[in-house]
$ cat input.csv   # CSV, C-alpha atoms
chain,number,residue,atom,x,y,z
A,371,MET,CA,-2.3,8.4,-5.9
A,372,SER,CA,-3.1,9.3,-2.3
A,373,MET,CA,-4.4,8.1,1.0
A,374,ASP,CA,-7.9,7.9,-0.4
A,375,TYR,CA,-6.6,5.6,-3.2
A,376,VAL,CA,-4.9,3.3,-0.6
A,377,ARG,CA,-8.1,3.2,1.5
A,378,GLU,CA,-10.3,2.4,-1.5
A,379,ALA,CA,-7.9,0.0,-3.4
A,380,TYR,CA,-6.8,-2.1,-0.4
A,381,GLY,CA,-9.7,-1.7,2.1
A,382,VAL,CA,-7.4,-0.5,4.9
A,383,PRO,CA,-8.2,2.4,7.3
A,384,ALA,CA,-5.0,4.3,6.6
A,385,LYS,CA,-4.8,7.9,7.8
A,386,ARG,CA,-1.9,10.3,8.3
A,387,GLY,CA,-0.8,10.0,11.9
A,388,MET,CA,-2.3,6.5,12.5
A,389,ARG,CA,-0.4,4.0,14.6
A,390,VAL,CA,0.7,0.9,12.8
A,391,ARG,CA,3.0,-2.1,13.3
A,392,LEU,CA,4.3,-4.7,10.8
A,393,ALA,CA,2.0,-7.6,10.2
A,394,SER,CA,5.1,-9.8,10.4
A,395,ASP,CA,5.7,-8.6,14.0
A,396,PRO,CA,3.1,-10.5,16.0
A,397,GLY,CA,4.5,-9.3,19.3
A,398,GLY,CA,3.8,-5.7,18.2
A,399,VAL,CA,7.2,-4.5,19.5
A,400,VAL,CA,8.0,-2.1,16.7
A,401,LEU,CA,5.4,0.7,16.3
A,402,GLY,CA,5.2,3.7,14.1
A,403,ARG,CA,3.0,6.3,12.5
A,404,VAL,CA,1.7,6.7,9.0
A,405,THR,CA,3.2,9.9,7.4
A,406,SER,CA,1.9,9.8,3.8
A,407,ALA,CA,0.8,7.5,1.0
A,408,THR,CA,1.3,7.0,-2.7
A,409,HIS,CA,0.5,3.4,-3.8
A,410,TYR,CA,2.6,2.6,-0.7
A,411,VAL,CA,2.0,3.7,2.9
A,412,PHE,CA,5.0,5.5,4.4
A,413,VAL,CA,5.8,4.8,8.0
A,414,ARG,CA,8.2,6.5,10.4
A,415,TRP,CA,9.1,4.0,13.1
A,416,ASP,CA,9.1,5.2,16.8
A,417,GLY,CA,12.6,6.2,17.9
A,418,SER,CA,14.1,5.9,14.4
A,419,GLY,CA,14.4,9.6,13.6
A,420,HIS,CA,14.9,8.5,10.0
A,421,HIS,CA,12.9,9.2,6.9
A,422,PRO,CA,9.7,7.3,6.5
A,423,TRP,CA,9.9,3.9,4.9
A,424,PRO,CA,7.4,2.6,2.2
A,425,TYR,CA,5.3,-0.5,2.8
A,426,HIS,CA,2.5,-2.2,0.9
A,427,PRO,CA,-0.7,-1.2,2.6
A,428,THR,CA,-1.6,-4.8,3.5
A,429,ASP,CA,1.8,-5.5,5.2
A,430,LEU,CA,0.7,-3.3,8.1
A,431,VAL,CA,-1.6,-3.7,11.1
A,432,TYR,CA,-3.6,-0.5,11.7
A,433,LEU,CA,-4.1,0.4,15.3
A,434,ALA,CA,-6.5,2.6,17.3
A,435,GLU,CA,-4.8,5.1,19.7
A,436,ASP,CA,-5.5,2.6,22.6
A,437,GLY,CA,-3.6,-0.1,20.7
A,438,THR,CA,-6.5,-2.3,19.6
A,439,GLU,CA,-6.2,-3.6,16.1
A,440,LEU,CA,-8.5,-2.0,13.5
A,441,TRP,CA,-7.3,-3.8,10.5
A,442,PRO,CA,-7.0,-6.6,9.7
A,443,CYS,CA,-10.1,-7.5,11.7
A,444,ARG,CA,-9.6,-10.8,13.5
A,445,PRO,CA,-12.4,-12.6,15.3

$ encode --input "input.csv" --output "structure tokens"
Amino acid sequence: MSMDYVREAYGVPAKRGMRVRLASDPGGVVLGRVTSATHYVFVRWDGSGHHPWPYHPTDLVYLAEDGTELWPCRP
């Protein structure tokens, strides 16, 4: 499984290096970057310096570099 699998199976725009935040963090305080994917998306959180953590692809909000939300798309 790979990033392509995650994009196709879950309809998310996941890419290596993409900015994300947890969907359960509406304030968007904790940000990180996608490092890799299997059937999970692995994220290294800013300032953590730790190994990437696995998350279900739909548990993340995918961000453009300017911080606007790309997925999920909200009206």

$ atom_distance --input "input.csv" --atom1 "CA of Tyr375 (chain A)" --atom2 "CA of Ser406 (chain A)"
11.8 Å

$ closest_atom_pairs --input "input.csv" --of "region 391-416 of chain A" --to "region 420-438 of chain A" --cutoff "7 Å" --atoms "all atoms listed in the file" --output "JSON lines"
{"residue": "A:Arg391", "atom": "CA", "partner": "A:Val431", "partner_atom": "CA", "distance": 5.3}
{"residue": "A:Leu392", "atom": "CA", "partner": "A:Leu430", "partner_atom": "CA", "distance": 4.7}
{"residue": "A:Ala393", "atom": "CA", "partner": "A:Leu430", "partner_atom": "CA", "distance": 5.0}
{"residue": "A:Tyr410", "atom": "CA", "partner": "A:His426", "partner_atom": "CA", "distance": 5.1}
{"residue": "A:Val411", "atom": "CA", "partner": "A:Tyr425", "partner_atom": "CA", "distance": 5.3}
{"residue": "A:Phe412", "atom": "CA", "partner": "A:Pro424", "partner_atom": "CA", "distance": 4.4}
{"residue": "A:Val413", "atom": "CA", "partner": "A:Pro422", "partner_atom": "CA", "distance": 4.9}
{"residue": "A:Arg414", "atom": "CA", "partner": "A:Pro422", "partner_atom": "CA", "distance": 4.3}

$ residues_around --input "input.csv" --residues "Val376 (chain A)" --least-positions-apart "5" --cutoff "9 Å" --atoms "all atoms listed in the file" --output "list in words"
Met371, Gly381, Val382, Pro383, Ala384, Ala407, Thr408, His409, Tyr410, Val411 and Pro427 of chain A

$ atom_distance --input "input.csv" --atom1 "CA of Met373 (chain A)" --atom2 "CA of Asp416 (chain A)"
21.0 Å

$ closest_residue --input "input.csv" --among "A:Pro442, A:Gly419, A:Thr405, A:Gly398" --to "Lys385 (chain A)" --atoms "all atoms listed in the file"
A:Thr405

$ atom_distance --input "input.csv" --atom1 "CA of Gly417 (chain A)" --atom2 "CA of Gly402 (chain A)"
8.7 Å

$ closest_residue --input "input.csv" --among "A:Ser372, A:Trp415, A:Cys443, A:Arg377" --to "Val390 (chain A)" --atoms "only C-alpha atoms"
A:Trp415

$ decode --input "input.csv" --residues "region 400-439 of chain A" --atoms "C-alpha atoms" --output "tab-separated table (two decimals), in the first residue's frame"
chain	number	residue	atom	x	y	z
A	400	VAL	CA	-0.99	21.40	16.31
A	401	LEU	CA	0.41	21.20	12.78
A	402	GLY	CA	2.59	18.63	11.10
A	403	ARG	CA	3.76	17.20	7.79
A	404	VAL	CA	2.96	13.94	6.05
A	405	THR	CA	6.06	11.74	5.89
A	406	SER	CA	4.75	8.51	4.33
A	407	ALA	CA	1.76	6.22	4.01
A	408	THR	CA	0.74	2.58	4.16
A	409	HIS	CA	-2.96	2.19	4.86
A	410	TYR	CA	-2.32	4.92	7.44
A	411	VAL	CA	-0.83	8.37	6.90
A	412	PHE	CA	2.28	9.00	8.98
A	413	VAL	CA	2.70	12.51	10.38
A	414	ARG	CA	5.64	14.20	12.10
A	415	TRP	CA	4.26	16.99	14.28
A	416	ASP	CA	6.05	20.35	14.28
A	417	GLY	CA	8.56	20.68	17.07
A	418	SER	CA	8.19	17.08	18.17
A	419	GLY	CA	11.47	15.77	16.80
A	420	HIS	CA	10.03	12.29	17.28
A	421	HIS	CA	9.23	9.56	14.86
A	422	PRO	CA	6.13	10.02	12.70
A	423	TRP	CA	2.82	8.80	14.13
A	424	PRO	CA	0.21	6.82	12.11
A	425	TYR	CA	-3.27	8.23	11.57
A	426	HIS	CA	-6.31	7.10	9.63
A	427	PRO	CA	-6.38	9.24	6.47
A	428	THR	CA	-9.79	10.73	7.29
A	429	ASP	CA	-8.69	11.81	10.80
A	430	LEU	CA	-6.61	14.60	9.26
A	431	VAL	CA	-7.34	17.96	7.69
A	432	TYR	CA	-5.10	18.49	4.66
A	433	LEU	CA	-3.80	22.02	4.20
A	434	ALA	CA	-2.34	24.08	1.37
A	435	GLU	CA	0.97	25.81	2.14
A	436	ASP	CA	-0.94	29.04	2.84
A	437	GLY	CA	-2.96	27.21	5.53
A	438	THR	CA	-6.28	26.97	3.70
A	439	GLU	CA	-8.09	23.67	4.06
